[in-house]
Every structure is written in structure tokens, then in C-alpha cells.
>>> print(open('model04.cif').read())   # mmCIF, C-alpha atoms
data_data
#
loop_
_atom_site.label_atom_id
_atom_site.label_comp_id
_atom_site.auth_asym_id
_atom_site.auth_seq_id
_atom_site.Cartn_x
_atom_site.Cartn_y
_atom_site.Cartn_z
CA MET A 1 -11.48 9.34 11.03
CA SER A 2 -14.56 8.63 8.98
CA GLY A 3 -15.82 6.72 5.98
CA GLU A 4 -15.86 3.06 5.06
CA ALA A 5 -12.71 0.97 5.32
CA PRO A 6 -11.61 -0.99 2.24
CA GLU A 7 -12.07 -4.74 2.17
CA ALA A 8 -8.27 -4.99 1.74
CA VAL A 9 -7.97 -4.40 5.45
CA PHE A 10 -8.78 -8.09 5.90
CA SER A 11 -5.65 -9.23 4.06
CA GLY A 12 -3.84 -12.02 5.79
CA GLY A 13 -6.18 -14.96 5.40
CA SER A 14 -8.01 -16.62 2.56
CA GLY A 15 -11.59 -15.42 2.46
CA ALA A 16 -11.07 -13.37 5.63
CA ALA A 17 -13.38 -10.62 4.43
CA GLU A 18 -16.06 -12.92 3.09
CA ARG A 19 -19.43 -12.55 4.76
CA THR A 20 -21.76 -15.39 5.58
CA ARG A 21 -25.46 -15.20 4.85
CA ARG A 22 -27.70 -12.94 6.88
CA LEU A 23 -28.68 -14.15 10.31
CA ARG A 24 -32.25 -12.86 9.97
CA PRO A 25 -34.87 -12.52 7.23
CA VAL A 26 -35.41 -9.38 5.14
CA PRO A 27 -36.90 -6.79 4.84
CA PRO A 28 -35.68 -5.11 8.02
CA PRO A 29 -38.13 -4.40 10.81
CA PRO A 30 -39.18 -0.87 11.72
CA ALA A 31 -36.38 0.97 13.47
CA PRO A 32 -36.83 1.22 17.24
CA ARG A 33 -36.90 4.81 18.39
CA ALA A 34 -33.90 5.99 20.37
CA PRO A 35 -34.68 7.15 23.90
CA ALA A 36 -35.11 10.87 24.36
CA ILE A 37 -32.00 12.82 25.26
CA ASP A 38 -31.90 13.87 28.90
CA LEU A 39 -31.23 17.60 28.61
CA ALA A 40 -29.91 17.81 32.16
CA GLU A 41 -27.41 15.02 31.48
CA ALA A 42 -26.34 16.66 28.23
CA GLU A 43 -25.88 20.02 29.93
CA GLU A 44 -23.92 18.48 32.80
CA PHE A 45 -21.49 16.87 30.36
CA LEU A 46 -21.01 20.01 28.26
CA ARG A 47 -20.36 22.10 31.35
CA LEU A 48 -17.82 19.54 32.53
CA PHE A 49 -16.14 19.60 29.12
CA HIS A 50 -15.90 23.38 29.17
CA ALA A 51 -14.65 23.40 32.77
CA GLU A 52 -11.80 20.95 32.11
CA ASN A 53 -10.76 22.13 28.63
CA GLN A 54 -9.87 25.33 26.86
CA VAL A 55 -12.85 25.96 24.58
CA GLU A 56 -13.31 28.98 22.32
CA VAL A 57 -17.10 28.70 22.02
CA PRO A 58 -18.85 30.14 25.11
CA ILE A 59 -20.72 27.57 27.16
CA GLN A 60 -24.09 29.31 26.78
CA GLN A 61 -23.72 29.30 23.02
CA ARG A 62 -22.88 25.58 23.04
CA LEU A 63 -25.83 24.77 25.32
CA ALA A 64 -28.19 26.73 23.08
CA ARG A 65 -26.96 24.81 20.04
CA MET A 66 -27.38 21.49 21.86
CA ARG A 67 -30.96 22.32 22.89
CA TYR A 68 -31.83 23.39 19.34
CA GLU A 69 -30.51 20.12 17.91
CA VAL A 70 -32.42 18.06 20.47
CA GLU A 71 -35.65 19.98 19.83
CA THR A 72 -35.38 19.60 16.05
CA THR A 73 -33.81 16.13 15.67
CA GLY A 74 -34.30 14.41 19.01
CA THR A 75 -30.55 14.23 19.65
CA TYR A 76 -27.34 16.24 19.27
CA ARG A 77 -23.92 15.56 17.78
CA HIS A 78 -20.77 15.79 19.82
CA THR A 79 -17.87 17.72 18.36
CA PRO A 80 -14.75 15.61 17.77
CA ASP A 81 -13.13 17.15 20.85
CA GLU A 82 -16.21 16.44 22.98
CA LEU A 83 -16.30 12.84 21.78
CA SER A 84 -12.60 12.33 22.54
CA TYR A 85 -12.89 13.90 25.96
CA GLY A 86 -16.09 12.00 26.77
CA ALA A 87 -14.56 8.62 25.91
CA LYS A 88 -11.52 9.37 28.08
CA VAL A 89 -13.63 10.52 31.03
CA ALA A 90 -15.77 7.39 30.65
CA TRP A 91 -12.58 5.41 31.28
CA ARG A 92 -11.76 7.70 34.21
CA ASN A 93 -15.20 6.94 35.67
CA SER A 94 -15.15 3.16 35.07
CA ALA A 95 -15.52 1.75 38.57
CA ARG A 96 -14.43 -1.75 37.56
CA CYS A 97 -11.12 -0.81 35.91
CA ILE A 98 -7.87 -0.79 37.89
CA GLY A 99 -5.82 0.70 35.02
CA ARG A 100 -7.32 4.18 34.95
CA LEU A 101 -4.07 5.98 35.69
CA TYR A 102 -3.57 6.12 31.92
CA TRP A 103 -6.99 7.52 30.97
CA ARG A 104 -5.56 10.57 29.24
CA SER A 105 -3.53 8.39 26.85
CA LEU A 106 -6.59 6.78 25.23
CA LYS A 107 -6.53 7.13 21.44
CA VAL A 108 -10.07 7.89 20.25
CA ARG A 109 -11.04 6.91 16.70
CA ASP A 110 -14.07 8.87 15.49
CA LEU A 111 -15.92 6.43 13.22
CA ARG A 112 -19.40 7.91 13.50
CA ASP A 113 -19.82 7.96 9.71
CA VAL A 114 -19.21 4.21 9.28
CA HIS A 115 -22.62 2.56 8.86
CA THR A 116 -22.10 -0.75 6.99
CA VAL A 117 -21.32 -4.14 8.52
CA SER A 118 -18.21 -4.47 6.36
CA GLY A 119 -17.03 -0.99 7.36
CA VAL A 120 -17.49 -1.67 11.07
CA ALA A 121 -15.76 -5.04 10.79
CA ALA A 122 -12.85 -3.63 8.81
CA HIS A 123 -12.28 -0.85 11.31
CA CYS A 124 -12.40 -3.40 14.14
CA VAL A 125 -9.56 -5.25 12.42
CA GLU A 126 -7.66 -1.98 12.09
CA HIS A 127 -8.30 -1.37 15.78
CA LEU A 128 -6.64 -4.70 16.63
CA ARG A 129 -3.59 -3.89 14.53
CA MET A 130 -3.30 -0.37 15.92
CA ALA A 131 -3.76 -1.44 19.54
CA THR A 132 -1.35 -4.38 19.26
CA ASN A 133 1.38 -2.06 17.96
CA GLY A 134 3.95 -4.81 17.60
CA GLY A 135 3.45 -5.79 21.23
CA LYS A 136 3.68 -2.28 22.74
CA ILE A 137 -0.04 -2.20 23.50
CA ARG A 138 -1.80 1.15 23.03
CA PRO A 139 -5.14 2.03 24.68
CA VAL A 140 -7.59 2.62 21.81
CA ILE A 141 -11.34 3.12 21.41
CA SER A 142 -13.22 3.00 18.10
CA VAL A 143 -16.50 4.91 18.36
CA PHE A 144 -19.11 3.96 15.76
CA PRO A 145 -22.44 5.78 15.12
CA PRO A 146 -24.70 6.51 18.10
CA GLU A 147 -28.36 5.70 18.57
CA THR A 148 -30.50 8.40 16.98
CA PRO A 149 -34.22 8.74 16.22
CA GLN A 150 -33.34 8.72 12.52
CA ARG A 151 -31.05 5.67 12.49
CA PRO A 152 -30.25 3.02 15.08
CA ALA A 153 -26.64 2.25 15.86
CA PRO A 154 -24.76 -0.86 14.71
CA ARG A 155 -24.14 -3.71 17.13
CA ILE A 156 -21.08 -5.87 17.67
CA TRP A 157 -22.15 -9.20 19.12
CA ASN A 158 -18.79 -10.39 20.47
CA GLU A 159 -17.87 -9.82 24.09
CA GLN A 160 -14.33 -9.04 22.96
CA LEU A 161 -13.05 -8.71 19.42
CA ILE A 162 -10.89 -11.78 20.04
CA ARG A 163 -12.43 -14.71 21.91
CA TYR A 164 -11.77 -18.42 21.47
CA ALA A 165 -14.25 -21.03 20.30
CA GLY A 166 -15.57 -23.75 22.57
CA TYR A 167 -16.35 -27.09 20.89
CA ARG A 168 -18.74 -29.20 22.94
CA SER A 169 -18.52 -32.96 22.42
CA GLN A 170 -21.34 -35.47 22.90
CA ASP A 171 -20.08 -36.36 26.38
CA GLY A 172 -20.37 -32.68 27.42
CA ASN A 173 -16.66 -31.93 27.48
CA VAL A 174 -15.47 -28.74 25.76
CA LEU A 175 -12.34 -28.22 23.70
CA GLY A 176 -11.50 -24.53 24.00
CA ASP A 177 -13.35 -21.93 26.04
CA PRO A 178 -16.59 -23.24 27.62
CA ARG A 179 -17.83 -19.65 28.08
CA TYR A 180 -18.34 -19.39 24.33
CA ALA A 181 -19.57 -22.92 23.57
CA ARG A 182 -23.12 -21.71 22.80
CA PHE A 183 -21.83 -18.81 20.70
CA THR A 184 -19.66 -21.29 18.81
CA GLU A 185 -22.62 -23.60 18.17
CA THR A 186 -24.73 -20.70 16.93
CA VAL A 187 -22.20 -19.28 14.47
CA THR A 188 -21.38 -22.79 13.26
CA GLY A 189 -25.07 -23.23 12.49
CA TYR A 190 -24.95 -20.01 10.49
CA GLY A 191 -22.07 -21.24 8.34
CA TRP A 192 -18.85 -20.51 10.23
CA ARG A 193 -16.27 -23.18 9.55
CA ALA A 194 -13.91 -24.24 12.31
CA PRO A 195 -10.35 -25.17 11.30
CA ALA A 196 -9.87 -28.66 9.88
CA ARG A 197 -8.04 -29.51 13.09
CA PRO A 198 -9.76 -27.59 15.90
CA THR A 199 -7.65 -26.46 18.84
CA GLY A 200 -8.42 -24.91 22.18
CA PHE A 201 -7.51 -21.47 20.84
CA ASP A 202 -9.37 -20.85 17.58
CA PRO A 203 -10.54 -17.21 17.25
CA LEU A 204 -14.27 -16.86 16.75
CA PRO A 205 -15.65 -14.79 13.86
CA LEU A 206 -16.62 -11.18 14.38
CA VAL A 207 -20.39 -10.67 14.15
CA VAL A 208 -21.63 -7.18 13.20
CA GLU A 209 -25.29 -6.23 12.86
CA THR A 210 -27.06 -3.20 11.40
CA ARG A 211 -30.74 -2.61 10.85
CA GLU A 212 -30.30 -2.26 7.09
CA GLU A 213 -28.06 -5.29 6.47
CA GLY A 214 -28.78 -7.59 9.39
CA ALA A 215 -26.03 -9.58 11.08
CA HIS A 216 -22.98 -10.84 9.20
CA MET A 217 -19.90 -12.78 10.22
CA PHE A 218 -16.30 -11.91 9.38
CA ALA A 219 -13.25 -14.08 10.00
CA LEU A 220 -10.44 -12.20 11.72
CA PRO A 221 -7.29 -12.26 9.55
CA PRO A 222 -4.39 -14.05 11.24
CA ASP A 223 -2.11 -11.02 11.21
CA ALA A 224 -4.64 -9.11 13.37
CA VAL A 225 -4.62 -11.76 16.11
CA HIS A 226 -1.28 -11.48 17.88
CA GLU A 227 -0.87 -14.40 20.29
CA VAL A 228 1.60 -15.30 23.02
CA PRO A 229 2.67 -18.96 23.53
CA MET A 230 2.88 -19.91 27.21
CA THR A 231 6.16 -21.00 28.76
CA HIS A 232 7.45 -20.96 32.33
CA PRO A 233 10.74 -19.53 33.66
CA ASP A 234 11.55 -22.68 35.70
CA LEU A 235 9.32 -25.50 34.41
CA PRO A 236 10.31 -26.72 30.91
CA TRP A 237 7.27 -29.02 30.71
CA PHE A 238 4.88 -26.07 30.84
CA ALA A 239 5.35 -25.40 27.12
CA GLU A 240 4.09 -28.94 26.43
CA LEU A 241 0.60 -27.86 27.57
CA GLY A 242 0.29 -25.94 24.29
CA LEU A 243 -1.30 -22.88 25.87
CA ARG A 244 -1.47 -19.45 24.28
CA TRP A 245 -3.46 -16.24 24.64
CA HIS A 246 -4.11 -13.15 22.56
CA ALA A 247 -2.09 -10.01 23.21
CA VAL A 248 -4.77 -7.35 23.44
CA PRO A 249 -8.16 -7.41 25.25
CA VAL A 250 -10.65 -5.33 23.22
CA ILE A 251 -14.02 -5.17 25.01
CA SER A 252 -16.65 -4.82 22.30
CA ASN A 253 -20.17 -5.22 23.68
CA MET A 254 -20.37 -2.40 26.23
CA ARG A 255 -22.26 0.82 25.59
CA LEU A 256 -20.44 4.14 25.78
CA SER A 257 -22.71 6.88 27.14
CA ILE A 258 -21.66 10.54 26.85
CA GLY A 259 -23.97 13.35 27.88
CA GLY A 260 -27.13 11.35 27.17
CA VAL A 261 -25.94 10.06 23.77
CA SER A 262 -25.56 6.28 23.55
CA TYR A 263 -22.87 4.55 21.48
CA PRO A 264 -23.61 0.78 21.59
CA ALA A 265 -20.66 -0.08 19.32
CA ALA A 266 -17.49 1.37 20.84
CA PRO A 267 -14.81 -1.33 21.28
CA PHE A 268 -11.99 -0.27 23.59
CA ASN A 269 -8.85 -1.72 25.15
CA GLY A 270 -6.09 -1.24 27.63
CA TRP A 271 -3.59 -4.02 28.22
CA TYR A 272 -3.77 -7.19 30.25
CA MET A 273 -3.09 -7.54 33.93
CA GLY A 274 -1.62 -11.02 34.33
CA THR A 275 -4.31 -12.31 36.69
CA GLU A 276 -7.02 -11.69 34.08
CA ILE A 277 -5.47 -14.54 32.12
CA GLY A 278 -3.72 -16.64 34.75
CA ALA A 279 -6.26 -16.45 37.57
CA ARG A 280 -9.47 -16.17 35.54
CA ASN A 281 -9.37 -17.23 31.86
CA PHE A 282 -7.01 -20.14 32.50
CA ALA A 283 -8.05 -20.95 36.06
CA ASP A 284 -11.82 -20.56 36.48
CA ASN A 285 -13.68 -23.87 36.76
CA ASP A 286 -16.09 -22.84 34.00
CA ARG A 287 -13.31 -21.64 31.69
CA TYR A 288 -10.09 -23.54 30.88
CA ASN A 289 -9.89 -25.00 34.43
CA LEU A 290 -6.13 -25.53 34.29
CA VAL A 291 -5.37 -25.44 38.01
CA PRO A 292 -5.84 -29.23 38.45
CA VAL A 293 -3.77 -29.88 35.31
CA VAL A 294 -0.85 -27.78 36.55
CA ALA A 295 -1.13 -29.22 40.06
CA GLU A 296 -0.85 -32.75 38.67
CA ARG A 297 2.22 -31.85 36.60
CA LEU A 298 3.76 -30.27 39.71
CA GLY A 299 3.15 -33.50 41.64
CA LEU A 300 1.10 -31.79 44.33
CA ASP A 301 -1.13 -33.62 46.79
CA THR A 302 -4.66 -32.85 45.55
CA SER A 303 -6.42 -35.32 47.85
CA ARG A 304 -7.42 -32.63 50.32
CA GLU A 305 -7.75 -28.86 50.32
CA ASP A 306 -5.47 -27.99 53.25
CA THR A 307 -2.36 -28.75 51.19
CA LEU A 308 -3.17 -25.50 49.35
CA TRP A 309 -2.44 -27.20 46.05
CA ARG A 310 -4.81 -24.85 44.26
CA ASP A 311 -2.92 -21.79 45.49
CA ARG A 312 0.48 -23.20 44.56
CA ALA A 313 -0.66 -24.20 41.07
CA LEU A 314 -2.34 -20.83 40.57
CA VAL A 315 0.87 -18.97 41.36
CA GLU A 316 2.77 -20.98 38.76
CA LEU A 317 0.07 -20.35 36.16
CA ASN A 318 0.38 -16.63 36.74
CA ARG A 319 4.16 -16.72 36.71
CA ALA A 320 3.96 -18.40 33.32
CA VAL A 321 1.63 -15.72 31.92
CA LEU A 322 3.82 -12.80 33.05
CA HIS A 323 7.00 -14.54 31.90
CA SER A 324 5.55 -15.42 28.49
CA TYR A 325 4.30 -11.91 27.70
CA GLN A 326 7.57 -10.37 28.83
CA GLN A 327 9.57 -12.82 26.71
CA ALA A 328 7.36 -12.04 23.71
CA GLY A 329 7.76 -8.28 24.18
CA VAL A 330 4.02 -7.78 24.77
CA THR A 331 2.84 -5.23 27.33
CA ILE A 332 1.43 -6.73 30.52
CA THR A 333 1.36 -5.76 34.19
CA ASP A 334 1.20 -7.68 37.44
CA HIS A 335 -1.48 -7.17 40.07
CA HIS A 336 0.85 -5.81 42.74
CA THR A 337 2.34 -3.12 40.50
CA GLU A 338 -1.04 -2.15 39.11
CA SER A 339 -2.57 -1.88 42.58
CA HIS A 340 0.05 0.69 43.57
CA ARG A 341 -0.50 2.56 40.31
CA PHE A 342 -4.23 2.64 40.97
CA LEU A 343 -3.66 4.33 44.33
CA THR A 344 -1.55 6.90 42.49
CA HIS A 345 -4.52 7.51 40.19
CA LEU A 346 -6.81 7.76 43.20
CA ALA A 347 -4.57 10.38 44.81
CA LYS A 348 -4.48 12.40 41.57
CA GLU A 349 -8.24 12.36 41.30
CA GLU A 350 -8.66 13.47 44.90
CA SER A 351 -6.15 16.29 44.44
CA ALA A 352 -8.14 17.42 41.39
CA GLY A 353 -11.26 17.58 43.55
CA ARG A 354 -12.92 14.62 41.88
CA LYS A 355 -14.40 11.48 43.36
CA CYS A 356 -13.04 8.20 42.01
CA PRO A 357 -15.77 5.55 41.77
CA VAL A 358 -14.62 2.02 42.61
CA ASP A 359 -16.27 -1.38 42.57
CA TRP A 360 -14.19 -3.11 45.27
CA SER A 361 -15.05 -6.60 44.00
CA TRP A 362 -13.46 -5.78 40.63
CA ILE A 363 -10.52 -3.66 41.73
CA VAL A 364 -9.16 -6.19 44.23
CA PRO A 365 -7.19 -8.77 42.19
CA PRO A 366 -8.46 -12.38 41.97
CA MET A 367 -5.37 -13.71 43.75
CA SER A 368 -3.41 -12.48 46.78
CA GLY A 369 -5.97 -9.72 47.27
CA ALA A 370 -4.99 -8.93 50.87
CA GLN A 371 -1.37 -8.54 49.77
CA THR A 372 -2.28 -5.57 47.58
CA PRO A 373 -2.90 -2.04 48.91
CA VAL A 374 -6.26 -1.70 47.15
CA PHE A 375 -7.74 -4.30 49.50
CA HIS A 376 -7.41 -2.34 52.73
CA ARG A 377 -9.71 0.66 52.27
CA TYR A 378 -13.18 1.88 51.39
CA TYR A 379 -14.12 3.70 48.19
CA ASP A 380 -16.78 5.90 46.62
CA THR A 381 -19.14 3.63 44.74
CA GLU A 382 -21.36 6.02 42.78
CA ALA A 383 -20.17 6.08 39.16
CA PRO A 384 -21.06 9.27 37.26
CA GLY A 385 -21.22 9.73 33.51
CA PRO A 386 -19.75 9.61 30.96
CA ASN A 387 -19.26 5.87 31.45
CA TYR A 388 -19.30 2.41 29.90
CA TYR A 389 -22.30 0.20 30.59
CA ALA A 390 -23.25 -3.43 29.98
CA ASP A 391 -26.84 -4.46 29.25
CA ASP A 392 -28.55 -7.81 29.50
CA GLU A 393 -29.37 -8.03 25.80
CA ALA A 394 -25.77 -7.42 24.73
CA THR A 395 -24.50 -9.94 27.27
CA GLN A 396 -26.90 -12.59 25.99
CA ARG A 397 -25.80 -12.05 22.39
CA ALA A 398 -22.14 -12.25 23.41
CA LEU A 399 -22.60 -15.58 25.17
CA THR A 400 -25.22 -17.32 23.03
CA GLY A 401 -24.93 -15.73 19.60
CA GLY A 402 -28.36 -14.14 19.50
CA PRO A 403 -31.08 -13.33 19.10
CA PRO A 404 -30.37 -10.49 16.65
CA HIS A 405 -31.05 -7.02 17.96
CA PHE A 406 -33.01 -6.04 14.85
CA ALA A 407 -35.25 -9.11 14.75
#
>>> encode(input="model04.cif", output="C-alpha cells")
Amino acid sequence: MSGEAPEAVFSGGSGAAERTRRLRPVPPPPAPRAPAIDLAEAEEFLRLFHAENQVEVPIQQRLARMRYEVETTGTYRHTPDELSYGAKVAWRNSARCIGRLYWRSLKVRDLRDVHTVSGVAAHCVEHLRMATNGGKIRPVISVFPPETPQRPAPRIWNEQLIRYAGYRSQDGNVLGDPRYARFTETVTGYGWRAPARPTGFDPLPLVVETREEGAHMFALPPDAVHEVPMTHPDLPWFAELGLRWHAVPVISNMRLSIGGVSYPAAPFNGWYMGTEIGARNFADNDRYNLVPVVAERLGLDTSREDTLWRDRALVELNRAVLHSYQQAGVTITDHHTESHRFLTHLAKEESAGRKCPVDWSWIVPPMSGAQTPVFHRYYDTEAPGPNYYADDEATQRALTGGPPHFA
């Protein structure tokens, strides 16, 4: 897939495709030069691609072409098949992901010819619609242009395509997600308008930046943000809390690296594991901090820790998340099932003669860890490429709303 997406893709909300003003002055600064391609890394990837796929072009011919491109342009262009394979293997190599059993099913959208902020934003909206798939979540990645010496890549500021605003009051309390309170303040200062009646679950605008156009904001159309209202199988009062969460988690500020070529804008998704929402987003003290709220409604003794009120409330939060997604027909998995599936993936990788890199602190679920089979073993920790990487600059933009990359 290539080319610019039409503005009509934003249908579903008044002014949804309207940009705000630039978030930096013009004219644009000189383009930073992309780092030199590591020929050894490029060769290693191409040899891996040829070893694991049926390829008509001989490997020596492909390597010669790659070296010629690097010598003459400073980089090389992956074929569509190489790009698709590289993105899938990057998922296979992602040490922090427990859902890698499905790495071959990733749908790769080749958007390397989309260079405008409106084009990137529109294709991000299409990504949300495609991945949501009426609730039957599909793993998707949208790969936008890479860094090259001739033209720097676009940037997506948001940590995920859908994140909720955090409105900080004068007394320091936050309505919504405290993690994004500074991002909310920044985009509000740039002209984003919160709903007339703010809630704890207002989607933030998408911010896309290119060197030529600067950074612009785009409101996500309502039909692209599929949400699940939270209810509980046994506690009728739970619905009164007014909780909801979005159906699909699209990570959008990590860098995809394939054979030495860097793709800073490559949003990708799987589907949620219940604890990501119930034991982290809803439960963390610096997020929605709902454990005390649920404990109070349950009538638990919170005066001391040895009553294990936190644990009991946390279980009910997570039961509500799994129940709600299942009732809504939206794909989700629980941490026990997914832990067993991960060991299946691990066995497949070992039988294929490959090491499976694992970051234990991320693979072990954030509740009942010792009750899952992934807890009780050691793992290889070295994560090879291709892979997905975070960087400090992208993390700062995602949390604070700046500064612009091309400043």
C-alpha cells in the first residue's frame, strides 16, 4: 500500500480531519543526517531472510545490490517481502511481548511512500479501523518512511494511537489518566479543545510531525475509537463506576529496526491481555488508581495491609475487564492462558533452532505471577534484530508533548 490517504478517512466527527496550527516556527531546520547503515547488520538480515524464505534472487546478487545502494545513497530499500518479513521477525524477537506465538499472522502495511502529516494521520485512523475489525482484533503494523540521508522520517508523538487525556485541577487531582496530564496540557496550549463536559476517558489528539510541515494535531474520529464499557459478572454496582477502555492497543512511538534501516513511525498492535488494563492502567497508583475505590465498594477492611484487600480488589477489577470484553465481543486473553501459549511459542522457537529472547520482568504477569508457568524458569536475554526499540526522546514526547523532533 502506498500513496496519501484521502481526508475522507476521518469521517465520523465534525472537524475530525482539521489540523491545528504548527507546533514550531518555519522555515524548517536543516535535516539531521541519518546514521550510516551498518553493512554487517544489513548482510546478517538479508542472509536470514534468504535462509527462512524461498527467494528467487541469489543471495550474493542481493547483497551486491544492497552494498551498491548504500555506497551511492547512504542507505538501501527493503523489498516489500523483506519489509513484511522483517516486521514479523521484529515481533518474534521482542523480549517484552508475551503474545509472540502469533508473529506470523501480523498484517504489514507498506506505507513508505506516505510523507505528509495528513497522510500519516489518515493511515493511522485506517489502521485503527482495520485492527479493530468489529471486535475480532487483528495484529497490524503500518510502516511509514524510514530515516534516510535524503529525507528524515516522520514522527508520531503519541505513545499509543489511543490514549486518554488527564485534566489536572488546581488542587493537583487529575480527571482521567495522570500519565498523560502533561501531554494534555501541552496540546491544549496548542489549540486542542477538550469536550464541553470532560470525562476520564477522552481520547487525545494524534500528533504527527515531519520536517517539511512540522507537527500537527488530528482528532481521532469517534468511529475509529472502539470502546468497551466495564461491567462485572457478579457485582451490579460496578457499572456505576462509569469505566471504559479502548479495544485495541496500538503502540506508536517505538522504532522498528530492520537490517540497519530505522523506521521511527511504525505503529503496531496485538490485542490486550486483561492484566494490562485491570492490573496496570486501572490499578497503578500513578494511573487510575482504582484499587481503593473497588475495595471500598466491596466493603473490605483497608485499615491494614494483612487483610489483603488490595489483592481481593485487584482480582475483581481484572474479572470485570475480561467479562466486559467478552460480553462486547472484543478479543482479549487472560494471563494464565497467555502464559501457556508463550511456552508453546518458546518450544517452537527452540525446535526451529532459534533462541527466544525474554525480559522476565515483562513476561511475568503483574498479578499472580507465581501461578503462571512463565515465572518458574530462566530465559535467554539477548535480543537480536530485527526488533522494536524505544528511545528517550520519543518517550519524552509521548509523555510531555514535546519538544518537537525537528526543532
>>> closest_atom_pairs(input="model04.cif", of="range 239-333 of chain A", to="range 165-174 of chain A", cutoff="12 Å", atoms="only C-alpha atoms", output="tab-separated table")
residue	atom	partner	partner_atom	distance
A:Asp286	CA	A:Val174	CA	10.2
A:Arg287	CA	A:Val174	CA	9.5
A:Tyr288	CA	A:Val174	CA	9.1
A:Asn289	CA	A:Val174	CA	11.0
>>> resolve_selection(input="model04.cif", expression="the PyMOL selection byres ((chain A and resi 133) around 12)", output="ChimeraX atom specification")
/A:126-132,134-140,223-226,247-248,271,329-331
>>> write_last_selection(input="model04.cif", atoms="C-alpha atoms", output="compact mmCIF listing (two decimals), in the coordinates of the input")
# COMPACT_ATOMS: atom_id res chain seq x y z
CA GLU A 126 -7.66 -1.98 12.09
CA HIS A 127 -8.30 -1.37 15.78
CA LEU A 128 -6.64 -4.70 16.63
CA ARG A 129 -3.59 -3.89 14.53
CA MET A 130 -3.30 -0.37 15.92
CA ALA A 131 -3.76 -1.44 19.54
CA THR A 132 -1.35 -4.38 19.26
CA GLY A 134 3.95 -4.81 17.60
CA GLY A 135 3.45 -5.79 21.23
CA LYS A 136 3.68 -2.28 22.74
CA ILE A 137 -0.04 -2.20 23.50
CA ARG A 138 -1.80 1.15 23.03
CA PRO A 139 -5.14 2.03 24.68
CA VAL A 140 -7.59 2.62 21.81
CA ASP A 223 -2.11 -11.02 11.21
CA ALA A 224 -4.64 -9.11 13.37
CA VAL A 225 -4.62 -11.76 16.11
CA HIS A 226 -1.28 -11.48 17.88
CA ALA A 247 -2.09 -10.01 23.21
CA VAL A 248 -4.77 -7.35 23.44
CA TRP A 271 -3.59 -4.02 28.22
CA GLY A 329 7.76 -8.28 24.18
CA VAL A 330 4.02 -7.78 24.77
CA THR A 331 2.84 -5.23 27.33
>>> resolve_selection(input="model04.cif", expression="the PyMOL selection byres ((chain A and resi 110) around 9)", output="compact mmCIF listing (two decimals) with C-alpha atoms, in the frame of the given file")
# COMPACT_ATOMS: atom_id res chain seq x y z
CA MET A 1 -11.48 9.34 11.03
CA SER A 2 -14.56 8.63 8.98
CA PRO A 80 -14.75 15.61 17.77
CA LEU A 83 -16.30 12.84 21.78
CA SER A 84 -12.60 12.33 22.54
CA VAL A 108 -10.07 7.89 20.25
CA ARG A 109 -11.04 6.91 16.70
CA LEU A 111 -15.92 6.43 13.22
CA ARG A 112 -19.40 7.91 13.50
CA ASP A 113 -19.82 7.96 9.71
CA ILE A 141 -11.34 3.12 21.41
CA SER A 142 -13.22 3.00 18.10
CA VAL A 143 -16.50 4.91 18.36
CA PHE A 144 -19.11 3.96 15.76
CA PRO A 145 -22.44 5.78 15.12
>>> atom_distance(input="model04.cif", atom1="CA of His336 in chain A", atom2="CA of Leu290 in chain A")
22.6 Å
>>> residues_around(input="model04.cif", residues="range 251-266 of chain A", least_positions_apart="6", cutoff="8 Å", atoms="only C-alpha atoms", output="PyMOL selection string")
chain A and resi 37-39+41-46+75-76+83+86-87+90+141-147+153-161+385-391+394-395+398
>>> closest_residue(input="model04.cif", among="A:Ala40, A:Ala121, A:Thr116, A:Val187", to="Pro403 in chain A", atoms="only C-alpha atoms")
A:Val187
>>> resolve_selection(input="model04.cif", expression="the PyMOL selection byres ((chain A and resi 342-358) around 12)", output="mmCIF file with C-alpha atoms, keeping the file's coordinate frame")
data_model
loop_
_atom_site.group_PDB
_atom_site.id
_atom_site.type_symbol
_atom_site.label_atom_id
_atom_site.label_comp_id
_atom_site.auth_asym_id
_atom_site.auth_seq_id
_atom_site.Cartn_x
_atom_site.Cartn_y
_atom_site.Cartn_z
ATOM 1 C CA LEU A 48 -17.820 19.540 32.530
ATOM 2 C CA GLU A 52 -11.800 20.950 32.110
ATOM 3 C CA VAL A 89 -13.630 10.520 31.030
ATOM 4 C CA ALA A 90 -15.770 7.390 30.650
ATOM 5 C CA TRP A 91 -12.580 5.410 31.280
ATOM 6 C CA ARG A 92 -11.760 7.700 34.210
ATOM 7 C CA ASN A 93 -15.200 6.940 35.670
ATOM 8 C CA SER A 94 -15.150 3.160 35.070
ATOM 9 C CA ALA A 95 -15.520 1.750 38.570
ATOM 10 C CA ARG A 96 -14.430 -1.750 37.560
ATOM 11 C CA CYS A 97 -11.120 -0.810 35.910
ATOM 12 C CA ILE A 98 -7.870 -0.790 37.890
ATOM 13 C CA GLY A 99 -5.820 0.700 35.020
ATOM 14 C CA ARG A 100 -7.320 4.180 34.950
ATOM 15 C CA LEU A 101 -4.070 5.980 35.690
ATOM 16 C CA TYR A 102 -3.570 6.120 31.920
ATOM 17 C CA TRP A 103 -6.990 7.520 30.970
ATOM 18 C CA ARG A 104 -5.560 10.570 29.240
ATOM 19 C CA HIS A 335 -1.480 -7.170 40.070
ATOM 20 C CA HIS A 336 0.850 -5.810 42.740
ATOM 21 C CA THR A 337 2.340 -3.120 40.500
ATOM 22 C CA GLU A 338 -1.040 -2.150 39.110
ATOM 23 C CA SER A 339 -2.570 -1.880 42.580
ATOM 24 C CA HIS A 340 0.050 0.690 43.570
ATOM 25 C CA ARG A 341 -0.500 2.560 40.310
ATOM 26 C CA ASP A 359 -16.270 -1.380 42.570
ATOM 27 C CA TRP A 360 -14.190 -3.110 45.270
ATOM 28 C CA SER A 361 -15.050 -6.600 44.000
ATOM 29 C CA TRP A 362 -13.460 -5.780 40.630
ATOM 30 C CA ILE A 363 -10.520 -3.660 41.730
ATOM 31 C CA VAL A 364 -9.160 -6.190 44.230
ATOM 32 C CA PRO A 365 -7.190 -8.770 42.190
ATOM 33 C CA THR A 372 -2.280 -5.570 47.580
ATOM 34 C CA PRO A 373 -2.900 -2.040 48.910
ATOM 35 C CA VAL A 374 -6.260 -1.700 47.150
ATOM 36 C CA PHE A 375 -7.740 -4.300 49.500
ATOM 37 C CA HIS A 376 -7.410 -2.340 52.730
ATOM 38 C CA ARG A 377 -9.710 0.660 52.270
ATOM 39 C CA TYR A 378 -13.180 1.880 51.390
ATOM 40 C CA TYR A 379 -14.120 3.700 48.190
ATOM 41 C CA ASP A 380 -16.780 5.900 46.620
ATOM 42 C CA THR A 381 -19.140 3.630 44.740
ATOM 43 C CA GLU A 382 -21.360 6.020 42.780
ATOM 44 C CA ALA A 383 -20.170 6.080 39.160
ATOM 45 C CA PRO A 384 -21.060 9.270 37.260
ATOM 46 C CA GLY A 385 -21.220 9.730 33.510
ATOM 47 C CA ASN A 387 -19.260 5.870 31.450
#
>>> atom_distance(input="model04.cif", atom1="CA of His123 in chain A", atom2="CA of Ala215 in chain A")
16.3 Å
>>> atom_distance(input="model04.cif", atom1="CA of Gly242 in chain A", atom2="CA of Arg304 in chain A")
28.0 Å
